[in-house]
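See structure below.
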Amino acid sequence: MSATATSQQVPVLDIDPYAIDVLRDPYGYHESLRETGPVVYIKAHDVYAVGRYDECKTVMSDWQRFCHAGGVGIQDIRKPGDFRIPSKLVETDPPEHTPIRTAVMKVLSPLVIRRFKEGFIAKAEQHVERLLDLREFDAVASCTEPFVLEAFSQSMGVELPREETLAIGDMRFNQSGPKNQLYFEAMEKAAPYLEWYENSVHRESVLPGSLAELLFKAEDEGLLAEGIATNVMRSIVGGGTDSTISGIGFTLHQLALHPKQWDKARADPARVKAAFEEGIRHEAPFQVTFRTTVGEVELSGMKLGADMKIGAFIGAGNRDPRFWDRPDEFDLDRPALAGTHLALGQGIHTCLGQMIARAESEAIVGALARRVKSIELTGPVTYRPINQMRTINTMPMRITPA
């Protein structure tokens, strides 16, 4: 059903959120999205969108009205021309989703993740030792990317070479947007690595004692149906590193800009944890996630058409002044962050890898806080435009030993 039949009941926003200039600096668009109405119709793509906190949270969590089965990108993956195999972890609804999530939650439980934390800390110390030798470096190329790829590879038990892993991640997150130039460029760049990607998610490729091995054991025990472990692994390998790289990058960026906040993190390990939560609230790695309306539904007094895509713009909701005090400020003392911000999802589809991301962030930011007196930027920070994500591309940095 086209939105044109109902769009007169919803205000129209004639801004393309996938324009390159908007992807590089989305905050003007976010404000227009929030202030135009609780729900808007995005004319450029024939979809609805929400940018206020309450509406974002509702769309992300109310699967009975806003389902996942059409995919979490702008394309409806059930329809000819846009069909692809759905992620059984992310793009299904109850009752199908429930046993899958239960089994994966058991594998990725805090008790299991705790086994890997010491390894994360040891690797973080090694990385910081190298950074102290350099003193000046690009924080993306020399810190966030190599650390996360190594730590995540260790825990998941899958080899994650940099070029292949990042190309596949870019492909997946550009596929979540429209078929624009970014989409086609990412598809072309990833093409040489598709065979590696497919092989990497099968049982014979994973290392013993890893989280991946536990997923395949869950399948052997009948907790997951045949083939589900590989499907879940495809989602994890395809995008399990990118958001953490982005989130730690945003955290370090803001700590470099705010020396007093850095001093708080150095003085109190609890503030190291808060820094990551505030970092991904302040700049959400996943900027938007889509759902599909289940029949004609109403949201905040707006009547929405059936079988329509609706985008929850997480980056906008995480800075909604209706919900957040001083939303554009980075503040480690902001109360009740974990579980409140939208960056890690809401409801039954909250990010199952969040414990890994938090452990990785705590390890690397904590290692820096213990051994580095100050961090500062030595040049402009650049962003890499991606349809679904926001991520820092280059971040020149100088550190001073404690």
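To be explicit about the labels: the chains of the structure tokens are called A, B, and onward in the order shown, and within each one the residues are counted from 1, while ligands get numbers from 1 in the order they are shown.
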| field | Contacts of segment 315-322 of chain A within 9 Å, only C-alpha atoms, excl. fewer than 2 positions in-chain, as a ChimeraX atom specification | value | /A:26-27,29-31,33-34,50-57,280-288,312-313,324-328,341-343,390
Find the residues near Val104 of chain A: any atom within 10 Å, counting only C-alpha atoms, skip ones fewer than 2 places away on the same chain, and give them as a PDB file with C-alpha atoms, in the first residue's frame.
```
ATOM      1  CA  LEU A  89      17.876 -13.279  15.410  1.00  0.00           C
ATOM      2  CA  PRO A  99      13.329 -19.894  21.285  1.00  0.00           C
ATOM      3  CA  ILE A 100      16.121 -18.467  19.114  1.00  0.00           C
ATOM      4  CA  ARG A 101      16.672 -15.513  21.416  1.00  0.00           C
ATOM      5  CA  THR A 102      16.476 -17.722  24.512  1.00  0.00           C
ATOM      6  CA  LYS A 106      22.264 -18.431  27.146  1.00  0.00           C
ATOM      7  CA  VAL A 107      25.386 -18.463  24.963  1.00  0.00           C
ATOM      8  CA  LEU A 108      25.972 -14.715  25.350  1.00  0.00           C
ATOM      9  CA  SER A 109      25.096 -14.542  29.048  1.00  0.00           C
ATOM     10  CA  LEU A 211      31.097 -18.383  21.584  1.00  0.00           C
ATOM     11  CA  LEU A 214      28.647 -22.791  21.862  1.00  0.00           C
ATOM     12  CA  LEU A 215      26.088 -21.695  19.254  1.00  0.00           C
ATOM     13  CA  ALA A 218      23.106 -25.375  21.089  1.00  0.00           C
ATOM     14  CA  LEU A 223      17.940 -25.656  21.362  1.00  0.00           C
ATOM     15  CA  LEU A 224      18.321 -24.116  17.900  1.00  0.00           C
ATOM     16  CA  ALA A 229      23.562 -21.203  14.243  1.00  0.00           C
ATOM     17  CA  VAL A 232      23.068 -16.122  13.625  1.00  0.00           C
ATOM     18  CA  LEU A 352      22.371  -9.526  22.500  1.00  0.00           C
ATOM     19  CA  GLY A 353      26.009  -8.617  21.902  1.00  0.00           C
TER      20      GLY A 353
END
```
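Atom pair atom CA of Tyr383 of chain A / atom CA of Asp25 of chain A has a distance of 8.7 Å (rounded to one decimal).
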| Hey, which of A:Ser61, A:His253, A:Thr98, A:Val294 ends up closest to Thr378 of chain A? Count only C-alpha atoms. | A:His253
List the spatial neighbours of Ala151 of chain A as a compact mmCIF listing (two decimals) with N, CA and C atoms, in the first residue's frame - criterion: any atom at most 10 Å away, only C-alpha atoms, same-chain residues fewer than 2 positions off excluded.
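Saved to result.txt:
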```txt
# COMPACT_ATOMS: atom_id res chain seq x y z
N PHE A 116 35.77 -14.16 29.08
CA PHE A 116 36.62 -13.52 28.07
C PHE A 116 37.15 -12.16 28.51
N LYS A 117 36.65 -11.63 29.63
CA LYS A 117 37.00 -10.26 30.01
C LYS A 117 38.49 -10.10 30.32
N GLY A 119 40.92 -11.69 29.01
CA GLY A 119 41.61 -11.63 27.72
C GLY A 119 41.47 -10.27 27.06
N PHE A 120 40.28 -9.68 27.16
CA PHE A 120 40.07 -8.33 26.61
C PHE A 120 41.01 -7.33 27.30
N ILE A 121 41.10 -7.43 28.62
CA ILE A 121 41.93 -6.48 29.38
C ILE A 121 43.40 -6.65 29.00
N ALA A 122 43.86 -7.90 28.88
CA ALA A 122 45.25 -8.14 28.51
C ALA A 122 45.56 -7.57 27.13
N LYS A 123 44.66 -7.78 26.20
CA LYS A 123 44.87 -7.25 24.84
C LYS A 123 44.84 -5.73 24.84
N ALA A 124 43.96 -5.15 25.65
CA ALA A 124 43.88 -3.69 25.73
C ALA A 124 45.19 -3.12 26.26
N PRO A 146 41.82 -2.10 15.34
CA PRO A 146 42.61 -3.29 15.64
C PRO A 146 42.23 -3.95 16.96
N PHE A 147 41.92 -3.14 17.98
CA PHE A 147 41.57 -3.75 19.25
C PHE A 147 40.26 -4.53 19.16
N VAL A 148 39.21 -3.91 18.61
CA VAL A 148 37.91 -4.59 18.55
C VAL A 148 37.98 -5.82 17.66
N LEU A 149 38.64 -5.73 16.52
CA LEU A 149 38.74 -6.89 15.64
C LEU A 149 39.46 -8.05 16.32
N SER A 153 37.32 -11.28 17.63
CA SER A 153 37.76 -12.52 17.01
C SER A 153 38.07 -13.56 18.07
N GLN A 154 38.74 -13.14 19.14
CA GLN A 154 39.11 -14.05 20.23
C GLN A 154 37.86 -14.66 20.87
N SER A 155 36.86 -13.85 21.17
CA SER A 155 35.68 -14.35 21.87
C SER A 155 34.78 -15.17 20.95
N MET A 156 34.58 -14.71 19.72
CA MET A 156 33.69 -15.44 18.81
C MET A 156 34.35 -16.66 18.20
N GLY A 157 35.70 -16.67 18.16
CA GLY A 157 36.38 -17.83 17.59
C GLY A 157 36.36 -17.84 16.09
N LEU A 160 39.00 -12.62 11.81
CA LEU A 160 38.39 -11.41 11.28
C LEU A 160 39.46 -10.48 10.69
N THR A 241 31.22 -6.18 14.77
CA THR A 241 32.37 -5.36 15.17
C THR A 241 32.13 -3.87 14.91
N ILE A 356 29.33 -7.99 25.24
CA ILE A 356 30.66 -8.03 24.62
C ILE A 356 31.14 -6.62 24.34
N ALA A 357 30.25 -5.80 23.76
CA ALA A 357 30.63 -4.42 23.43
C ALA A 357 31.03 -3.65 24.68
N ALA A 359 32.15 -4.91 27.53
CA ALA A 359 33.40 -5.44 28.07
C ALA A 359 34.59 -4.96 27.26
N GLU A 360 34.44 -4.89 25.94
CA GLU A 360 35.53 -4.40 25.10
C GLU A 360 35.81 -2.93 25.36
N ALA A 363 37.49 -2.41 28.67
CA ALA A 363 38.88 -2.85 28.64
C ALA A 363 39.79 -1.79 28.02
```
| Which one of A:Ile20, A:Ala103, A:Thr144, A:Asp76 sits closest to Gly222 of chain A if you count only C-alpha atoms? | A:Ala103
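Separating atom CA of Ala212 of chain A from atom CA of Glu163 of chain A is a distance of 21.3 Å.
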| Shell around His202 of chain A at 10 Å using only C-alpha atoms, local window under 2 positions removed, as a PyMOL selection string | chain A and resi 158+197-200+204-206+212+216+227+229-231+233-234
How would the residues just chosen look if you wrote them out with C-alpha atoms as a short mmCIF file (atom, residue, chain, number, x, y, z; two decimals), in the first residue's frame?
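The file below, part_16.cif, is the result:
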```
data_model
loop_
_atom_site.label_atom_id
_atom_site.label_comp_id
_atom_site.auth_asym_id
_atom_site.auth_seq_id
_atom_site.Cartn_x
_atom_site.Cartn_y
_atom_site.Cartn_z
CA VAL A 158 36.33 -16.53 14.01
CA TYR A 197 32.23 -14.33 4.51
CA GLU A 198 30.11 -17.36 3.75
CA ASN A 199 32.84 -19.82 4.75
CA SER A 200 33.60 -17.97 7.99
CA GLU A 204 34.36 -26.00 10.50
CA SER A 205 35.70 -22.43 10.56
CA VAL A 206 35.18 -21.66 14.24
CA ALA A 212 30.58 -19.61 18.04
CA PHE A 216 26.70 -24.82 17.20
CA GLY A 227 20.91 -24.01 10.19
CA ALA A 229 23.56 -21.20 14.24
CA THR A 230 25.02 -20.38 10.83
CA ASN A 231 22.30 -17.76 10.25
CA MET A 233 26.80 -16.26 12.91
CA ARG A 234 26.21 -14.54 9.57
#
```
| task | Mind the document's chain letters and residue numbers, and return as a ChimeraX atom specification the residues of segment 54-275 of chain A that DSSP labels helix (DSSP H, G or I). | result | /A:54-61,97-107,110-134,139-156,162-175,181-200,203-205,211-220,228-239,242-257,259-267,269-275
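With only C-alpha atoms as the atoms that count, the minimum distance from Leu182 of chain A to the choices A:Asp170, A:Lys43, A:Lys260, A:Leu255 is reached by A:Asp170.
With distances restricted to only C-alpha atoms, A:Thr58 is the closest residue to Ser300 of chain A from A:Thr391, A:Ser243, A:Thr58, A:Thr251.
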| request: Write out as a PyMOL selection string the residues lying within 8 Å of segment 392-399 of chain A, counting only C-alpha atoms and excluding same-chain residues fewer than 2 positions away. | output: chain A and resi 132+135-141+246+249-250+253+372-384+390+401
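One distance worth recording is that between atom CA of Leu368 of chain A and atom CA of Arg24 of chain A, which is 28.1 Å.
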| Which of segment 186-377 of chain A counts as strand (DSSP E or B) under DSSP, as an MDAnalysis selection string please? | chainID A and resid 286 288:293 297:299 302:304 309:313 372:377
Selected residues, C-alpha atoms, written as a PDB file, in the first residue's frame, please.
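Output contents, as saved in out-v7.pdb:
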```pdb
ATOM      1  CA  PHE A 286      23.092   2.635  14.416  1.00  0.00           C
ATOM      2  CA  VAL A 288      18.060   4.180  12.178  1.00  0.00           C
ATOM      3  CA  THR A 289      16.240   0.875  12.325  1.00  0.00           C
ATOM      4  CA  PHE A 290      13.054   0.041  10.410  1.00  0.00           C
ATOM      5  CA  ARG A 291       9.899  -1.854  11.242  1.00  0.00           C
ATOM      6  CA  THR A 292       6.764  -2.557   9.188  1.00  0.00           C
ATOM      7  CA  THR A 293       3.240  -1.610  10.241  1.00  0.00           C
ATOM      8  CA  VAL A 297      -2.140   1.410  13.171  1.00  0.00           C
ATOM      9  CA  GLU A 298      -2.260   4.610  15.174  1.00  0.00           C
ATOM     10  CA  LEU A 299       0.776   6.236  16.741  1.00  0.00           C
ATOM     11  CA  MET A 302      -1.491   9.692  13.595  1.00  0.00           C
ATOM     12  CA  LYS A 303      -3.177   7.068  11.438  1.00  0.00           C
ATOM     13  CA  LEU A 304      -0.573   5.016   9.563  1.00  0.00           C
ATOM     14  CA  LYS A 309       7.952   0.860   6.512  1.00  0.00           C
ATOM     15  CA  ILE A 310       8.602   3.154   9.471  1.00  0.00           C
ATOM     16  CA  GLY A 311      12.088   4.228  10.498  1.00  0.00           C
ATOM     17  CA  ALA A 312      12.976   4.834  14.144  1.00  0.00           C
ATOM     18  CA  PHE A 313      15.826   7.343  13.950  1.00  0.00           C
ATOM     19  CA  VAL A 372      47.296   8.115  29.960  1.00  0.00           C
ATOM     20  CA  LYS A 373      47.122  11.535  31.597  1.00  0.00           C
ATOM     21  CA  SER A 374      45.521  13.372  28.688  1.00  0.00           C
ATOM     22  CA  ILE A 375      44.138  12.735  25.218  1.00  0.00           C
ATOM     23  CA  GLU A 376      43.700  15.446  22.616  1.00  0.00           C
ATOM     24  CA  LEU A 377      42.820  15.755  18.963  1.00  0.00           C
TER      25      LEU A 377
END
```
| field | Nearest to Gly73 of chain A by atom-to-atom distance, counting only C-alpha atoms, from A:Leu344, A:Ala306, A:Met389, A:Leu257 | value | A:Met389
